[in-house]
>>> print(open('run.tsv').read())   # TSV, C-alpha atoms
chain	number	residue	atom	x	y	z
F	1	MET	CA	202.46	68.75	133.95
F	2	ARG	CA	198.99	67.57	132.90
F	3	ALA	CA	197.29	69.68	135.61
F	4	GLU	CA	199.24	72.76	134.54
F	5	ALA	CA	198.27	72.26	130.90
F	6	LEU	CA	194.60	71.85	131.85
F	7	GLN	CA	194.74	74.96	134.02
F	8	ARG	CA	196.21	76.94	131.12
F	9	LYS	CA	193.45	75.63	128.84
F	10	VAL	CA	190.81	76.60	131.43
F	11	GLU	CA	192.31	80.09	131.62
F	12	GLU	CA	192.29	80.39	127.81
F	13	THR	CA	188.68	79.21	127.64
F	14	VAL	CA	187.68	81.72	130.34
F	15	LEU	CA	189.31	84.56	128.40
F	16	ASP	CA	187.69	83.47	125.13
F	17	SER	CA	184.27	83.03	126.75
F	18	TYR	CA	184.15	86.02	129.10
F	19	GLU	CA	181.48	87.97	127.19
F	20	ALA	CA	179.31	84.88	126.70
F	21	MET	CA	179.64	84.09	130.42
F	22	TYR	CA	178.47	87.62	131.19
F	23	ARG	CA	175.48	87.32	128.83
F	24	LEU	CA	174.49	84.02	130.41
F	25	ALA	CA	174.73	85.43	133.96
F	26	TYR	CA	172.85	88.56	132.85
F	27	THR	CA	169.86	86.50	131.67
F	28	TYR	CA	169.47	85.27	135.24
F	29	VAL	CA	169.99	88.45	137.23
F	30	ARG	CA	169.19	91.22	134.73
F	31	ASN	CA	171.67	93.55	136.38
F	32	LYS	CA	175.08	94.52	135.03
F	33	GLU	CA	176.90	94.63	138.38
F	34	ASP	CA	175.38	91.38	139.63
F	35	ALA	CA	176.22	89.62	136.36
F	36	LEU	CA	179.81	90.85	136.57
F	37	ASP	CA	180.01	89.60	140.17
F	38	ILE	CA	178.72	86.19	139.05
F	39	VAL	CA	181.27	86.01	136.24
F	40	GLN	CA	184.06	87.00	138.60
F	41	GLU	CA	183.00	84.32	141.10
F	42	SER	CA	182.67	81.77	138.28
F	43	VAL	CA	186.15	82.55	136.98
F	44	TYR	CA	187.56	82.17	140.49
F	45	LYS	CA	185.84	78.79	140.90
F	46	ALA	CA	187.00	77.62	137.46
F	47	ILE	CA	190.63	78.52	138.09
F	48	LYS	CA	190.57	77.13	141.64
F	49	HIS	CA	189.05	73.81	140.58
F	50	SER	CA	190.67	73.45	137.14
F	51	ALA	CA	192.39	70.27	138.28
F	52	SER	CA	188.97	68.58	138.55
F	53	VAL	CA	188.45	68.73	134.77
F	54	LYS	CA	188.96	65.24	133.39
F	55	GLN	CA	189.16	65.98	129.66
F	56	GLU	CA	190.03	69.10	127.73
F	57	SER	CA	186.93	68.67	125.54
F	58	TYR	CA	184.68	69.14	128.62
F	59	ILE	CA	186.12	72.48	129.71
F	60	LYS	CA	183.55	74.70	128.01
F	61	ALA	CA	180.54	72.68	129.24
F	62	TRP	CA	182.09	72.59	132.71
F	63	LEU	CA	182.56	76.37	132.62
F	64	TRP	CA	178.93	76.94	131.54
F	65	ARG	CA	177.78	74.72	134.41
F	66	ILE	CA	179.77	76.84	136.86
F	67	VAL	CA	178.18	80.05	135.54
F	68	VAL	CA	174.66	78.57	135.67
F	69	ASN	CA	175.13	77.22	139.19
F	70	THR	CA	176.76	80.42	140.44
F	71	SER	CA	173.87	82.43	138.97
F	72	LEU	CA	171.28	80.22	140.63
F	73	ASP	CA	173.15	80.34	143.94
F	74	TYR	CA	173.30	84.13	143.70
F	75	ILE	CA	169.56	84.37	143.10
F	76	ARG	CA	168.76	82.00	145.98
F	77	LYS	CA	171.12	83.83	148.31
F	78	ASN	CA	169.72	87.25	147.51
F	79	GLN	CA	166.06	86.17	147.25
F	80	LYS	CA	165.04	89.24	145.33
F	81	GLU	CA	163.05	89.83	142.22
F	82	ILE	CA	165.46	90.98	139.56
F	83	ALA	CA	164.20	94.07	137.80
F	84	VAL	CA	164.61	94.43	134.07
F	85	ASP	CA	167.43	96.90	133.47
F	86	THR	CA	168.07	98.79	130.33
F	87	PHE	CA	169.59	96.80	127.50
F	88	PHE	CA	171.90	99.64	126.60
F	89	GLU	CA	175.39	99.78	128.05
F	90	ASN	CA	178.03	102.32	127.09
F	91	GLY	CA	175.88	103.50	124.21
F	92	LYS	CA	175.84	100.07	122.59
F	93	GLU	CA	172.90	97.72	122.50
F	94	ASP	CA	173.32	94.42	124.31
F	95	SER	CA	173.62	91.24	122.26
F	96	TYR	CA	170.12	90.22	123.34
F	97	ARG	CA	168.17	92.64	121.20
F	98	ASP	CA	164.61	91.37	121.32
F	99	PHE	CA	163.24	92.90	124.51
F	100	ASP	CA	159.89	91.06	124.30
F	101	THR	CA	161.65	87.71	124.08
F	102	ILE	CA	163.97	88.57	126.97
F	103	GLU	CA	160.99	89.67	129.04
F	104	ALA	CA	159.12	86.47	128.12
F	105	LEU	CA	161.96	84.37	129.59
F	106	LYS	CA	160.51	85.21	133.01
F	107	VAL	CA	157.79	82.57	132.50
F	108	LEU	CA	160.40	79.80	132.30
F	109	THR	CA	161.89	77.83	135.16
F	110	ASP	CA	165.62	78.21	135.75
F	111	LYS	CA	166.40	74.99	133.89
F	112	GLU	CA	164.14	75.94	130.96
F	113	LYS	CA	165.74	79.38	130.76
F	114	THR	CA	169.20	77.83	130.78
F	115	VAL	CA	168.34	75.49	127.91
F	116	VAL	CA	166.82	78.28	125.79
F	117	VAL	CA	169.63	80.74	126.44
F	118	LEU	CA	172.39	78.24	125.75
F	119	ARG	CA	170.69	76.92	122.63
F	120	PHE	CA	169.55	80.13	120.96
F	121	PHE	CA	171.64	82.93	122.44
F	122	GLU	CA	174.92	81.04	122.78
F	123	ASP	CA	174.44	78.57	119.88
F	124	GLN	CA	175.27	75.52	121.98
F	125	LYS	CA	174.37	72.07	120.69
F	126	LEU	CA	171.83	70.01	122.62
F	127	SER	CA	174.51	67.45	123.47
F	128	VAL	CA	176.65	70.17	125.06
F	129	ILE	CA	173.66	71.53	126.97
F	130	ALA	CA	172.96	68.02	128.23
F	131	LYS	CA	176.52	67.82	129.58
F	132	ILE	CA	176.21	71.26	131.20
F	133	LEU	CA	172.97	70.33	132.93
F	134	ASN	CA	174.05	66.76	133.59
F	135	GLU	CA	170.92	65.52	131.81
F	136	ASN	CA	170.05	63.07	129.06
F	137	ALA	CA	169.95	64.66	125.58
F	138	ASN	CA	166.31	63.60	125.14
F	139	THR	CA	165.41	65.29	128.42
F	140	VAL	CA	167.05	68.48	127.18
F	141	LYS	CA	165.03	68.26	123.94
F	142	THR	CA	161.84	67.87	125.94
F	143	ILE	CA	162.74	70.86	128.12
F	144	LEU	CA	163.54	72.90	125.02
F	145	TYR	CA	160.25	72.13	123.26
F	146	ARG	CA	158.23	72.72	126.44
F	147	SER	CA	160.04	76.05	126.92
F	148	LEU	CA	159.40	77.11	123.35
F	149	ARG	CA	155.68	76.37	123.77
F	150	LYS	CA	155.61	78.49	126.93
F	151	LEU	CA	157.45	81.33	125.20
F	152	LYS	CA	155.16	81.17	122.18
F	153	MET	CA	152.11	81.39	124.43
F	154	GLU	CA	153.61	84.30	126.37
F	155	LEU	CA	154.63	86.21	123.25
F	156	THR	CA	151.31	85.55	121.48
F	157	GLU	CA	149.41	86.71	124.56
F	158	GLY	CA	151.49	89.91	124.56
F	159	GLU	CA	150.67	90.57	120.91
F	160	LEU	CA	146.96	90.18	121.58
F	161	LYS	CA	147.16	92.80	124.35
F	162	TYR	CA	148.68	95.32	121.93
F	163	GLU	CA	146.12	94.60	119.20
F	164	GLY	CA	143.11	94.96	121.50
>>> encode(input="run.tsv", output="structure tokens")
Amino acid sequence: MRAEALQRKVEETVLDSYEAMYRLAYTYVRNKEDALDIVQESVYKAIKHSASVKQESYIKAWLWRIVVNTSLDYIRKNQKEIAVDTFFENGKEDSYRDFDTIEALKVLTDKEKTVVVLRFFEDQKLSVIAKILNENANTVKTILYRSLRKLKMELTEGELKYEG
């Protein structure tokens, strides 16, 4: 019965988090269809392996880890530069509105991008991000601050180009 209850909870979490999963996948691949494929694959993996979740409180972090890993696997498998698509879908602007910031994410490593996206776009706590990445919380803080410095430099450099 415990496994069935956990599977139901995983399914509920997937349904509640579907849009956020899509946004996270989209930050990696920058393509609507590819992001949807990643989410679909992630959902399949989550349902298939729901019995491996040890505690209900870890489900969301476990789900984020699946999306991140599936996104990274997809990128490695396809070995292509992901072009920046339009941020407008069905006449509505995407949740990630600041195009310059989204574009600046390209300067970050995959792990740095994951930390920034989960922290600022998905409002995850550092402790949750640490669980997702299987890292120490202090390591995640260091990655976050290093990433923010890189982004600041990238965005400041972009502003100077426009002023000149």
>>> residues_around(input="run.tsv", residues="Arg149 in chain F", least_positions_apart="5", cutoff="12 Å", atoms="only C-alpha atoms", output="list in words")
Ala104, Leu105, Val107, Leu108, Glu112, Val116, Thr142, Ile143, Leu144, Glu154, Leu155 and Thr156 of chain F
>>> atom_distance(input="run.tsv", atom1="CA of Ser71 in chain F", atom2="CA of Val29 in chain F")
7.4 Å
>>> residues_around(input="run.tsv", residues="Ala51 in chain F", least_positions_apart="4", cutoff="8 Å", atoms="only C-alpha atoms", output="VMD selection string")
chain F and resid 3 6 to 7
>>> residues_around(input="run.tsv", residues="range 20-24 of chain F", least_positions_apart="6", cutoff="7 Å", atoms="only C-alpha atoms", output="PyMOL selection string")
chain F and resi 35-36+39+67
>>> write_last_selection(input="run.tsv", atoms="C-alpha atoms", output="PDB file, keeping the file's coordinate frame")
ATOM      1  CA  ALA F  35     176.220  89.620 136.360  1.00  0.00           C
ATOM      2  CA  LEU F  36     179.810  90.850 136.570  1.00  0.00           C
ATOM      3  CA  VAL F  39     181.270  86.010 136.240  1.00  0.00           C
ATOM      4  CA  VAL F  67     178.180  80.050 135.540  1.00  0.00           C
TER       5      VAL F  67
END
>>> residues_near_point(input="run.tsv", point="(183.5, 83.4, 133.0)", cutoff="10 Å", atoms="all atoms listed in the file", output="NGL selection string")
:F and (11 or 13-25 or 36 or 38-46 or 63-64 or 66-67)
>>> atom_distance(input="run.tsv", atom1="CA of Ala61 in chain F", atom2="CA of Ala130 in chain F")
9.0 Å
>>> atom_distance(input="run.tsv", atom1="CA of Tyr74 in chain F", atom2="CA of Met153 in chain F")
28.8 Å
>>> closest_residue(input="run.tsv", among="F:Val117, F:Ile132, F:Leu72, F:Leu126", to="Leu148 in chain F", atoms="all atoms listed in the file")
F:Val117
>>> residues_around(input="run.tsv", residues="Leu118 in chain F", least_positions_apart="5", cutoff="7 Å", atoms="all atoms listed in the file", output="list of chain:residue names")
F:Asp123, F:Gln124, F:Ile129
>>> build_atoms(input="run.tsv", residues="range 17-33 of chain F", atoms="N, CA, C and O atoms", output="PDB file, in the frame of the given file")
ATOM      1  N   SER F  17     185.707  83.141 126.503  1.00  0.00           N
ATOM      2  CA  SER F  17     184.270  83.030 126.750  1.00  0.00           C
ATOM      3  C   SER F  17     183.725  84.103 127.702  1.00  0.00           C
ATOM      4  O   SER F  17     182.560  84.043 128.094  1.00  0.00           O
ATOM      5  N   TYR F  18     184.534  85.066 128.061  1.00  0.00           N
ATOM      6  CA  TYR F  18     184.150  86.020 129.100  1.00  0.00           C
ATOM      7  C   TYR F  18     182.838  86.739 128.780  1.00  0.00           C
ATOM      8  O   TYR F  18     181.944  86.830 129.623  1.00  0.00           O
ATOM      9  N   GLU F  19     182.703  87.247 127.563  1.00  0.00           N
ATOM     10  CA  GLU F  19     181.480  87.970 127.190  1.00  0.00           C
ATOM     11  C   GLU F  19     180.265  87.040 127.201  1.00  0.00           C
ATOM     12  O   GLU F  19     179.181  87.429 127.648  1.00  0.00           O
ATOM     13  N   ALA F  20     180.419  85.832 126.707  1.00  0.00           N
ATOM     14  CA  ALA F  20     179.310  84.880 126.700  1.00  0.00           C
ATOM     15  C   ALA F  20     178.925  84.493 128.133  1.00  0.00           C
ATOM     16  O   ALA F  20     177.742  84.330 128.441  1.00  0.00           O
ATOM     17  N   MET F  21     179.916  84.381 129.016  1.00  0.00           N
ATOM     18  CA  MET F  21     179.640  84.090 130.420  1.00  0.00           C
ATOM     19  C   MET F  21     178.819  85.229 131.020  1.00  0.00           C
ATOM     20  O   MET F  21     177.863  84.996 131.763  1.00  0.00           O
ATOM     21  N   TYR F  22     179.198  86.448 130.692  1.00  0.00           N
ATOM     22  CA  TYR F  22     178.470  87.620 131.190  1.00  0.00           C
ATOM     23  C   TYR F  22     177.017  87.602 130.683  1.00  0.00           C
ATOM     24  O   TYR F  22     176.080  87.805 131.448  1.00  0.00           O
ATOM     25  N   ARG F  23     176.842  87.346 129.391  1.00  0.00           N
ATOM     26  CA  ARG F  23     175.480  87.320 128.830  1.00  0.00           C
ATOM     27  C   ARG F  23     174.624  86.259 129.512  1.00  0.00           C
ATOM     28  O   ARG F  23     173.455  86.490 129.811  1.00  0.00           O
ATOM     29  N   LEU F  24     175.221  85.096 129.757  1.00  0.00           N
ATOM     30  CA  LEU F  24     174.490  84.020 130.410  1.00  0.00           C
ATOM     31  C   LEU F  24     174.100  84.440 131.835  1.00  0.00           C
ATOM     32  O   LEU F  24     172.942  84.293 132.235  1.00  0.00           O
ATOM     33  N   ALA F  25     175.025  84.977 132.589  1.00  0.00           N
ATOM     34  CA  ALA F  25     174.730  85.430 133.960  1.00  0.00           C
ATOM     35  C   ALA F  25     173.684  86.541 133.933  1.00  0.00           C
ATOM     36  O   ALA F  25     172.777  86.571 134.771  1.00  0.00           O
ATOM     37  N   TYR F  26     173.778  87.423 132.952  1.00  0.00           N
ATOM     38  CA  TYR F  26     172.850  88.560 132.850  1.00  0.00           C
ATOM     39  C   TYR F  26     171.407  88.084 132.627  1.00  0.00           C
ATOM     40  O   TYR F  26     170.472  88.685 133.139  1.00  0.00           O
ATOM     41  N   THR F  27     171.223  86.991 131.896  1.00  0.00           N
ATOM     42  CA  THR F  27     169.860  86.500 131.670  1.00  0.00           C
ATOM     43  C   THR F  27     169.215  86.038 132.976  1.00  0.00           C
ATOM     44  O   THR F  27     167.994  86.052 133.083  1.00  0.00           O
ATOM     45  N   TYR F  28     170.012  85.681 133.939  1.00  0.00           N
ATOM     46  CA  TYR F  28     169.470  85.270 135.240  1.00  0.00           C
ATOM     47  C   TYR F  28     169.189  86.454 136.146  1.00  0.00           C
ATOM     48  O   TYR F  28     168.152  86.508 136.789  1.00  0.00           O
ATOM     49  N   VAL F  29     170.110  87.393 136.233  1.00  0.00           N
ATOM     50  CA  VAL F  29     169.990  88.450 137.230  1.00  0.00           C
ATOM     51  C   VAL F  29     169.538  89.801 136.683  1.00  0.00           C
ATOM     52  O   VAL F  29     169.136  90.673 137.440  1.00  0.00           O
ATOM     53  N   ARG F  30     169.657  89.987 135.386  1.00  0.00           N
ATOM     54  CA  ARG F  30     169.190  91.220 134.730  1.00  0.00           C
ATOM     55  C   ARG F  30     169.785  92.491 135.327  1.00  0.00           C
ATOM     56  O   ARG F  30     169.125  93.518 135.413  1.00  0.00           O
ATOM     57  N   ASN F  31     171.006  92.408 135.777  1.00  0.00           N
ATOM     58  CA  ASN F  31     171.670  93.550 136.380  1.00  0.00           C
ATOM     59  C   ASN F  31     173.153  93.443 136.052  1.00  0.00           C
ATOM     60  O   ASN F  31     173.772  92.405 136.308  1.00  0.00           O
ATOM     61  N   LYS F  32     173.695  94.524 135.501  1.00  0.00           N
ATOM     62  CA  LYS F  32     175.080  94.520 135.030  1.00  0.00           C
ATOM     63  C   LYS F  32     176.072  94.164 136.152  1.00  0.00           C
ATOM     64  O   LYS F  32     176.916  93.291 135.983  1.00  0.00           O
ATOM     65  N   GLU F  33     175.947  94.843 137.282  1.00  0.00           N
ATOM     66  CA  GLU F  33     176.900  94.630 138.380  1.00  0.00           C
ATOM     67  C   GLU F  33     176.791  93.214 138.940  1.00  0.00           C
ATOM     68  O   GLU F  33     177.803  92.580 139.228  1.00  0.00           O
TER      69      GLU F  33
END
